[in-house]
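Trainee: File name query36.txt; file contents compact mmCIF, C-alpha atoms and all ligand atoms; full text below.
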# COMPACT_ATOMS: atom_id res chain seq x y z
CA MET A 28 -6.87 16.60 -23.39
CA PRO A 29 -3.37 17.80 -24.07
CA ASP A 30 -1.68 19.59 -21.24
CA ALA A 31 -4.39 19.08 -18.68
CA LYS A 32 -1.61 18.83 -16.19
CA ARG A 33 -2.20 18.83 -12.53
CA VAL A 34 -0.08 18.56 -9.46
CA TYR A 35 -0.48 15.36 -7.51
CA GLU A 36 0.84 14.21 -4.22
CA THR A 37 1.26 10.54 -3.58
CA THR A 38 2.24 9.01 -0.28
CA PHE A 39 3.00 5.34 0.05
CA ILE A 40 4.32 3.05 2.71
CA VAL A 41 6.96 0.48 1.84
CA ASN A 42 7.44 -2.65 3.88
CA ALA A 43 10.11 -1.61 6.35
CA SER A 44 11.44 -5.12 6.86
CA LEU A 45 13.10 -4.86 3.46
CA ASP A 46 16.63 -3.56 3.50
CA ASP A 47 17.47 -0.10 2.28
CA HIS A 48 18.48 -1.22 -1.20
CA GLN A 49 15.25 -3.07 -1.72
CA ILE A 50 13.28 -0.08 -0.49
CA ASP A 51 15.17 2.18 -2.86
CA ALA A 52 14.35 -0.21 -5.68
CA VAL A 53 10.66 0.00 -4.83
CA ILE A 54 10.81 3.80 -4.79
CA GLU A 55 12.77 3.81 -8.03
CA LYS A 56 10.07 1.75 -9.70
CA VAL A 57 7.42 4.24 -8.70
CA LYS A 58 9.55 7.14 -9.90
CA ASP A 59 10.12 5.38 -13.21
CA LEU A 60 6.45 4.78 -13.67
CA ILE A 61 5.68 8.46 -13.13
CA VAL A 62 8.40 9.67 -15.46
CA LYS A 63 7.67 7.14 -18.18
CA ASN A 64 4.06 8.19 -18.25
CA GLY A 65 4.94 11.78 -18.86
CA GLY A 66 4.92 12.92 -15.28
CA GLU A 67 7.43 15.28 -13.82
CA ILE A 68 8.64 14.74 -10.28
CA ARG A 69 8.64 17.98 -8.36
CA GLU A 70 9.64 16.72 -4.98
CA LEU A 71 10.46 13.41 -3.36
CA VAL A 72 10.63 13.18 0.39
CA LYS A 73 11.61 10.04 2.24
CA TRP A 74 10.27 10.21 5.74
CA GLY A 75 12.00 6.98 6.54
CA ARG A 76 10.79 4.34 8.94
CA LYS A 77 7.90 5.36 11.03
CA ARG A 78 5.80 3.54 13.56
CA PHE A 79 2.18 2.83 12.67
CA THR A 80 -0.61 3.76 15.00
CA TYR A 81 -2.18 0.40 14.21
CA THR A 82 -0.87 -2.72 12.59
CA ILE A 83 -0.98 -3.09 8.82
CA LYS A 84 -0.48 -6.64 7.60
CA LYS A 85 0.88 -7.57 11.02
CA LYS A 86 3.55 -4.92 10.80
CA ASN A 87 4.22 -2.17 13.26
CA ASN A 88 6.22 0.19 11.12
CA GLY A 89 6.80 1.16 7.55
CA PHE A 90 8.93 3.31 5.30
CA TYR A 91 7.02 6.44 4.24
CA VAL A 92 7.66 8.16 0.95
CA VAL A 93 5.94 11.28 -0.38
CA ILE A 94 6.22 12.25 -4.02
CA GLU A 95 4.84 15.43 -5.50
CA PHE A 96 4.54 15.33 -9.25
CA GLY A 97 2.91 17.05 -12.14
CA ALA A 98 1.10 14.91 -14.69
CA GLY A 99 -2.00 14.32 -16.73
CA GLY A 100 -4.91 12.49 -15.19
CA ASP A 101 -4.39 9.06 -16.69
CA ILE A 102 -1.27 8.48 -14.67
CA VAL A 103 -3.07 8.01 -11.39
CA ALA A 104 -4.86 4.85 -12.38
CA LYS A 105 -1.59 3.34 -13.55
CA LEU A 106 0.14 4.38 -10.38
CA GLU A 107 -2.53 3.00 -8.13
CA ARG A 108 -2.56 -0.23 -10.07
CA HIS A 109 1.17 -0.51 -9.55
CA TYR A 110 0.76 0.11 -5.84
CA PHE A 111 -1.92 -2.52 -5.69
CA LEU A 112 0.23 -5.12 -7.40
CA ASP A 113 3.45 -4.41 -5.54
CA ASP A 114 3.32 -6.50 -2.41
CA SER A 115 5.99 -4.46 -0.68
CA ILE A 116 3.76 -1.38 -0.72
CA LEU A 117 1.47 -1.54 2.28
CA ARG A 118 -0.60 1.61 1.88
CA TYR A 119 -0.90 4.48 -0.53
CA LEU A 120 -2.76 7.70 -0.99
CA THR A 121 -2.80 9.88 -4.08
CA LEU A 122 -4.31 13.33 -4.08
CA VAL A 123 -4.69 16.22 -6.43
CA LEU A 124 -3.20 19.32 -4.91
CA ASP A 125 -5.73 22.06 -5.48
CA LYS A 126 -4.98 25.74 -5.61
CA ARG A 127 -5.47 26.10 -1.92
CA ALA A 128 -3.09 23.30 -1.08
CA LEU A 129 -0.47 24.62 -3.43
CA LYS A 130 -0.76 28.07 -1.96
CA ALA A 131 -0.41 26.71 1.55
CA ARG A 132 2.57 24.73 0.42
CA THR A 133 4.46 27.67 -1.01
CA ALA A 134 3.58 29.74 2.05
CA ALA A 135 4.93 27.01 4.31
CA ALA A 136 8.07 26.76 2.22
CA LEU A 137 8.64 30.48 2.53
CA LEU A 138 8.13 30.33 6.25
CA ALA A 139 10.49 27.41 6.59
CA ALA A 140 13.09 29.35 4.63
CA GLU A 141 12.79 32.25 7.03
CA GLN A 142 13.12 30.21 10.18
CA PRO A 143 14.80 26.88 9.55
CA VAL A 144 13.87 25.36 12.92
CA ALA A 145 10.18 26.01 12.44
CA GLU A 146 8.98 22.45 12.58
CA ALA A 147 10.30 18.95 12.86
CA LYS A 148 10.53 18.48 9.15
CA PRO A 149 11.38 15.00 7.90
CA GLU A 150 14.74 14.61 6.30
CA GLU A 151 14.72 15.34 2.61
CA VAL A 152 17.58 13.11 1.71
CA ALA A 153 17.84 9.38 2.03
CA LYS A 154 19.58 9.15 5.33
CA PRO A 155 20.68 5.71 6.49
CA ALA A 156 17.66 4.63 8.45
CA PRO A 157 18.00 4.46 12.22
CA VAL A 158 16.72 0.91 12.42
CA ALA A 159 19.56 -0.44 10.35
CA GLU A 160 20.76 -2.86 13.01
CA ALA A 161 17.60 -4.90 12.75
CA PRO A 162 17.95 -7.63 10.14
CA PRO A 163 14.91 -8.25 7.93
CA THR A 164 12.96 -10.04 10.61
CA PRO A 165 9.33 -9.21 9.94
CA ALA A 166 7.18 -7.64 12.62
CA ALA A 167 9.96 -6.93 15.05
CA PRO A 168 8.85 -3.81 16.87
CA VAL A 169 11.79 -1.59 17.59
CA THR A 170 10.16 0.39 20.32
CA THR A 171 7.81 -1.54 22.52
CA THR A 172 7.12 1.15 25.08
CA THR A 173 5.12 3.47 22.88
CA VAL A 174 1.38 3.21 23.22
CA MET B 2 -9.73 56.49 48.82
CA PRO B 3 -7.16 56.07 46.13
CA TYR B 4 -7.62 52.34 45.89
CA ASN B 5 -10.84 50.66 44.89
CA ARG B 6 -11.31 47.10 45.82
CA PRO B 7 -11.52 44.94 42.78
CA SER B 8 -15.08 43.92 42.29
CA SER B 9 -15.59 40.22 42.71
CA ASN B 10 -18.59 39.95 40.45
CA ARG B 11 -16.43 39.58 37.40
CA GLN B 12 -17.10 35.89 37.04
CA GLY B 13 -20.63 35.37 35.98
CA PRO B 14 -22.80 32.47 37.03
CA ARG B 15 -22.30 30.85 33.66
CA GLY B 16 -18.53 30.84 33.95
CA THR B 17 -18.56 27.68 36.02
CA SER B 18 -18.93 25.18 33.21
CA SER B 19 -15.49 25.21 31.67
CA GLN B 20 -14.92 24.16 28.12
CA ARG B 21 -12.37 21.46 27.92
CA GLY B 22 -10.14 21.65 24.87
CA ALA B 23 -8.35 18.85 23.11
CA ALA B 24 -5.47 18.83 25.55
CA GLY B 25 -7.69 19.40 28.54
CA GLN B 26 -6.93 23.07 28.86
CA VAL B 27 -9.63 25.55 29.76
CA ARG B 28 -10.49 28.06 27.07
CA LYS B 29 -12.83 30.91 27.71
CA LYS B 30 -13.37 32.08 24.21
CA ARG B 31 -13.32 29.41 21.58
CA THR B 32 -11.83 30.55 18.35
CA CYS B 33 -10.92 28.68 15.24
CA ARG B 34 -7.22 28.01 15.38
CA PHE B 35 -6.98 27.78 11.63
CA CYS B 36 -8.65 31.14 11.14
CA ASP B 37 -6.43 32.63 13.83
CA ASN B 38 -3.34 31.39 12.05
CA LYS B 39 -4.82 32.20 8.64
CA GLU B 40 -4.30 28.65 7.51
CA ASP B 41 -6.33 27.68 4.50
CA TYR B 42 -5.26 24.09 4.16
CA VAL B 43 -5.06 21.29 6.67
CA ASP B 44 -2.30 18.87 5.89
CA TYR B 45 -2.86 15.21 6.70
CA LYS B 46 0.86 14.74 7.07
CA ALA B 47 1.12 16.94 10.14
CA GLU B 48 -0.14 14.30 12.49
CA LYS B 49 1.13 16.10 15.58
CA LYS B 50 -1.08 19.05 14.74
CA LEU B 51 -4.06 16.86 14.01
CA GLN B 52 -3.68 15.04 17.30
CA ARG B 53 -4.98 18.11 19.09
CA PHE B 54 -8.34 17.65 17.42
CA VAL B 55 -8.66 13.99 18.25
CA SER B 56 -9.70 12.53 21.59
CA GLU B 57 -7.60 10.09 23.53
CA GLN B 58 -9.60 7.27 22.04
CA GLY B 59 -8.83 8.60 18.61
CA ARG B 60 -12.20 10.13 17.87
CA ILE B 61 -12.58 13.44 16.13
CA ILE B 62 -13.54 16.14 18.64
CA PRO B 63 -16.67 18.06 17.59
CA LYS B 64 -16.22 21.65 16.61
CA ARG B 65 -18.47 22.83 19.39
CA ILE B 66 -15.73 21.85 21.79
CA THR B 67 -12.63 22.85 19.88
CA GLY B 68 -14.18 26.01 18.48
CA THR B 69 -13.09 25.27 14.94
CA CYS B 70 -15.28 26.95 12.36
CA ALA B 71 -17.40 24.85 10.01
CA LYS B 72 -15.17 25.38 7.00
CA HIS B 73 -12.02 24.38 8.78
CA GLN B 74 -13.68 21.50 10.60
CA ARG B 75 -14.58 19.99 7.22
CA MET B 76 -11.00 20.31 6.07
CA LEU B 77 -9.76 18.96 9.37
CA VAL B 78 -12.01 15.94 9.18
CA THR B 79 -10.77 14.91 5.75
CA ALA B 80 -7.19 15.46 6.87
CA ILE B 81 -7.71 13.28 9.93
CA LYS B 82 -9.29 10.55 7.84
CA ARG B 83 -6.42 10.65 5.40
CA ALA B 84 -3.95 10.47 8.25
CA ARG B 85 -5.80 7.47 9.61
CA HIS B 86 -5.59 5.69 6.31
CA LEU B 87 -1.82 6.06 6.38
CA ALA B 88 -1.64 4.90 10.00
CA LEU B 89 -0.45 8.31 11.14
CA LEU B 90 -3.45 8.53 13.43
CA PRO B 91 -5.40 5.67 14.97
CA TYR B 92 -8.91 4.71 14.01
CA VAL B 93 -9.32 3.48 17.56
CA SER B 94 -6.63 4.02 20.12
CA ASP B 95 -5.10 1.10 21.99
CA ALA B 96 -5.98 2.85 25.20
CA VAL B 97 -9.62 1.79 24.73
CA LYS B 98 -8.87 -1.93 24.97
ZN ZN C 201 -11.69 28.59 10.66
Can you present the structure in this file as C-alpha cells?

Mentor:
Amino acid sequence: MPDAKRVYETTFIVNASLDDHQIDAVIEKVKDLIVKNGGEIRELVKWGRKRFTYTIKKKNNGFYVVIEFGAGGDIVAKLERHYFLDDSILRYLTLVLDKRALKARTAAALLAAEQPVAEAKPEEVAKPAPVAEAPPTPAAPVTTTTV
Amino acid sequence: MPYNRPSSNRQGPRGTSSQRGAAGQVRKKRTCRFCDNKEDYVDYKAEKKLQRFVSEQGRIIPKRITGTCAKHQRMLVTAIKRARHLALLPYVSDAVK
C-alpha cells in the first residue's frame, strides 16, 4: 500500500458565471484537497472560459481547469466526492495516466520546446479571462453566431 | 519517336468510387494517421484533432472510412467519448435539428 503512487489527470469545469475570484477559490479548494491528501501537483493548466458544444445545466460555457498530480489511489474517491458536492463544478473527469500517456506527454513537451508555435496551446497562467465585461448573469452566451 | 503518349489506362475501373474522408477529401490509399505520425496516445483534450474523426452530426466515423487501424480506432473512440463528456465535442450536433 505505501507508495503506490500514480499520476492522475483531472479535468473539471467551473461555472463560468462566477467571477474570477470565485473561480480561483474553487480551484484552490481542489488543489488543497489534493495536497492535503498527500498528492503532489505536477501541473495546473487553466484553459479559461470555453464554449460548450451542448448545454450543461442551461449554461453555454464554462471555465476549464486541468490538473496533473501524483498520488495514491484513495485520493480519487475523495476528489470526485468533492466535485459532486461542489455546485459550481459542472463536469469532471479523472484519469490515470498510463505509461503510454506519460510517454506521449513528454514527447509532446519536447516537441513543443523545439517549436514553440506548434499548436494552439492554452495559456498556462491565469490570464484575465476575455469575458470579463459580462457581469455574473447566468446563461448569457457571449458568442451567438457559433453553431 | 522520343515521346510516348502517356497511357490513359492508369485509372482502373475500381477507381471510380472515391473514399470520402472526414473533411470530404478524396484519399486513394487509406492509412492510419496515428501510425503515420507515430502517435501512441490519443488525447481527449485535442478536440480539434478529434473533430476530423467525427461526422458533421457528431458521430464517430468508422475506421473503414478514415483508414485508422484497429488499435488506434479504439484509443480514438475513448478519447472522443471523453471529449464528449466534457462538452468539447457534441453527442449530437445542432445541425441535425
Ligand atoms: Zn494506427

Trainee: 10 Å from ligand ZN 201 (chain C) is the threshold here; counting only C-alpha atoms and all ligand atoms, which polymer residues fall inside it? Answer as a PyMOL selection string.

Mentor: chain B and resi 32-41+68-77

Trainee: Find, counting all atoms listed in the file, the residue in A:Leu45, A:Ala31, A:Leu112, A:Ile102 that gets nearest to Asp59 (chain A).

Mentor: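 For Asp59 (chain A), the nearest of the given residues is A:Ile102.
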
Trainee: Within 8 Å of (10.7, 6.9, 5.7) (coordinates as in the file), grab all the protein and nucleic acid residues, counting only C-alpha atoms, and write them out as a ChimeraX atom specification.

Mentor: /A:73-77,89-92,156

Trainee: Dump as CSV the rows for residues of chain A within 12 Å of chain B: closest atom pair and distance in Å with one decimal, all atoms listed in the file counted, ordered by chain and rising residue number.

Mentor:
residue,atom,partner,partner_atom,distance
A:Glu36,CA,B:Lys46,CA,11.3
A:Thr37,CA,B:Leu87,CA,11.3
A:Thr38,CA,B:Leu87,CA,8.3
A:Phe39,CA,B:Leu87,CA,8.0
A:Ile40,CA,B:Leu87,CA,7.8
A:Val41,CA,B:Leu87,CA,11.4
A:Val72,CA,B:Lys46,CA,11.9
A:Trp74,CA,B:Lys46,CA,10.5
A:Lys77,CA,B:Leu89,CA,8.9
A:Arg78,CA,B:Leu89,CA,8.2
A:Phe79,CA,B:Ala88,CA,5.1
A:Thr80,CA,B:Pro91,CA,5.2
A:Tyr81,CA,B:Ala88,CA,6.2
A:Thr82,CA,B:Ala88,CA,8.1
A:Ile83,CA,B:Ala88,CA,8.1
A:Lys84,CA,B:Ala88,CA,11.8
A:Lys86,CA,B:Ala88,CA,11.1
A:Asn87,CA,B:Ala88,CA,9.7
A:Asn88,CA,B:Ala88,CA,9.2
A:Gly89,CA,B:Ala88,CA,9.6
A:Phe90,CA,B:Leu87,CA,11.1
A:Tyr91,CA,B:Leu87,CA,9.1
A:Val92,CA,B:Leu87,CA,11.1
A:Val93,CA,B:Lys46,CA,9.7
A:Ile116,CA,B:Leu87,CA,11.7
A:Leu117,CA,B:Leu87,CA,9.2
A:Arg118,CA,B:Leu87,CA,6.4
A:Tyr119,CA,B:Leu87,CA,7.1
A:Leu120,CA,B:Leu87,CA,7.6
A:Thr121,CA,B:Arg83,CA,10.2
A:Leu122,CA,B:Arg83,CA,10.1
A:Leu124,CA,B:Tyr42,CA,10.5
A:Asp125,CA,B:Tyr42,CA,9.9
A:Lys126,CA,B:Tyr42,CA,9.9
A:Arg127,CA,B:Tyr42,CA,6.4
A:Ala128,CA,B:Tyr42,CA,5.7
A:Leu129,CA,B:Tyr42,CA,9.0
A:Lys130,CA,B:Asp41,CA,8.5
A:Ala131,CA,B:Tyr42,CA,6.1
A:Arg132,CA,B:Tyr42,CA,8.7
A:Thr133,CA,B:Tyr42,CA,11.6
A:Ala134,CA,B:Glu40,CA,9.6
A:Ala135,CA,B:Glu40,CA,9.9
A:Glu146,CA,B:Ala47,CA,9.9
A:Ala147,CA,B:Ala47,CA,9.8
A:Lys148,CA,B:Ala47,CA,9.6
A:Pro149,CA,B:Lys46,CA,10.6
A:Thr173,CA,B:Asp95,CA,10.5
A:Val174,CA,B:Asp95,CA,6.9

Trainee: Write out, as a PDB file, in the frame of the given file, the residues just selected, with C-alpha atoms.

Mentor:
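To be explicit, this is the file written out as part.pdb:
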ATOM      1  CA  GLU A  36       0.840  14.210  -4.220  1.00  0.00           C
ATOM      2  CA  THR A  37       1.260  10.540  -3.580  1.00  0.00           C
ATOM      3  CA  THR A  38       2.240   9.010  -0.280  1.00  0.00           C
ATOM      4  CA  PHE A  39       3.000   5.340   0.050  1.00  0.00           C
ATOM      5  CA  ILE A  40       4.320   3.050   2.710  1.00  0.00           C
ATOM      6  CA  VAL A  41       6.960   0.480   1.840  1.00  0.00           C
ATOM      7  CA  VAL A  72      10.630  13.180   0.390  1.00  0.00           C
ATOM      8  CA  TRP A  74      10.270  10.210   5.740  1.00  0.00           C
ATOM      9  CA  LYS A  77       7.900   5.360  11.030  1.00  0.00           C
ATOM     10  CA  ARG A  78       5.800   3.540  13.560  1.00  0.00           C
ATOM     11  CA  PHE A  79       2.180   2.830  12.670  1.00  0.00           C
ATOM     12  CA  THR A  80      -0.610   3.760  15.000  1.00  0.00           C
ATOM     13  CA  TYR A  81      -2.180   0.400  14.210  1.00  0.00           C
ATOM     14  CA  THR A  82      -0.870  -2.720  12.590  1.00  0.00           C
ATOM     15  CA  ILE A  83      -0.980  -3.090   8.820  1.00  0.00           C
ATOM     16  CA  LYS A  84      -0.480  -6.640   7.600  1.00  0.00           C
ATOM     17  CA  LYS A  86       3.550  -4.920  10.800  1.00  0.00           C
ATOM     18  CA  ASN A  87       4.220  -2.170  13.260  1.00  0.00           C
ATOM     19  CA  ASN A  88       6.220   0.190  11.120  1.00  0.00           C
ATOM     20  CA  GLY A  89       6.800   1.160   7.550  1.00  0.00           C
ATOM     21  CA  PHE A  90       8.930   3.310   5.300  1.00  0.00           C
ATOM     22  CA  TYR A  91       7.020   6.440   4.240  1.00  0.00           C
ATOM     23  CA  VAL A  92       7.660   8.160   0.950  1.00  0.00           C
ATOM     24  CA  VAL A  93       5.940  11.280  -0.380  1.00  0.00           C
ATOM     25  CA  ILE A 116       3.760  -1.380  -0.720  1.00  0.00           C
ATOM     26  CA  LEU A 117       1.470  -1.540   2.280  1.00  0.00           C
ATOM     27  CA  ARG A 118      -0.600   1.610   1.880  1.00  0.00           C
ATOM     28  CA  TYR A 119      -0.900   4.480  -0.530  1.00  0.00           C
ATOM     29  CA  LEU A 120      -2.760   7.700  -0.990  1.00  0.00           C
ATOM     30  CA  THR A 121      -2.800   9.880  -4.080  1.00  0.00           C
ATOM     31  CA  LEU A 122      -4.310  13.330  -4.080  1.00  0.00           C
ATOM     32  CA  LEU A 124      -3.200  19.320  -4.910  1.00  0.00           C
ATOM     33  CA  ASP A 125      -5.730  22.060  -5.480  1.00  0.00           C
ATOM     34  CA  LYS A 126      -4.980  25.740  -5.610  1.00  0.00           C
ATOM     35  CA  ARG A 127      -5.470  26.100  -1.920  1.00  0.00           C
ATOM     36  CA  ALA A 128      -3.090  23.300  -1.080  1.00  0.00           C
ATOM     37  CA  LEU A 129      -0.470  24.620  -3.430  1.00  0.00           C
ATOM     38  CA  LYS A 130      -0.760  28.070  -1.960  1.00  0.00           C
ATOM     39  CA  ALA A 131      -0.410  26.710   1.550  1.00  0.00           C
ATOM     40  CA  ARG A 132       2.570  24.730   0.420  1.00  0.00           C
ATOM     41  CA  THR A 133       4.460  27.670  -1.010  1.00  0.00           C
ATOM     42  CA  ALA A 134       3.580  29.740   2.050  1.00  0.00           C
ATOM     43  CA  ALA A 135       4.930  27.010   4.310  1.00  0.00           C
ATOM     44  CA  GLU A 146       8.980  22.450  12.580  1.00  0.00           C
ATOM     45  CA  ALA A 147      10.300  18.950  12.860  1.00  0.00           C
ATOM     46  CA  LYS A 148      10.530  18.480   9.150  1.00  0.00           C
ATOM     47  CA  PRO A 149      11.380  15.000   7.900  1.00  0.00           C
ATOM     48  CA  THR A 173       5.120   3.470  22.880  1.00  0.00           C
ATOM     49  CA  VAL A 174       1.380   3.210  23.220  1.00  0.00           C
TER      50      VAL A 174
END

Trainee: Near Ala104 (chain A), counting all atoms listed in the file, which residues have an atom at most 12 Å away, once you skip same-chain residues fewer than 3 positions from it, shown as number ranges by chain?

Mentor: A: 60-61, 64, 98-101, 107-111, 120-122

Trainee: Given the choices A:Glu141, A:Asp113, A:Glu55, A:Glu67, which gets closest to Phe96 (chain A) if the distance is worked out from all atoms listed in the file?

Mentor: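 Ranked by minimum distance to Phe96 (chain A), first place goes to A:Glu67.
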
Trainee: Please report the interatomic distance between CA of His48 (chain A) and CA of Val34 (chain A) in Å with one decimal.

Mentor: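 Spanning CA of His48 (chain A) to CA of Val34 (chain A) is a straight-line distance of 28.4 Å.
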
Trainee: How many Å separate CA of Lys64 (chain B) from CA of Leu51 (chain B)?

Mentor: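 Interatomic distance, CA of Lys64 (chain B) to CA of Leu51 (chain B): 13.3 Å.
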
Trainee: Take CA of Tyr45 (chain B) and CA of Val78 (chain B) and report the distance between them in Å, one decimal.

Mentor: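 Computing the Euclidean distance for CA of Tyr45 (chain B) and CA of Val78 (chain B) yields 9.5 Å.
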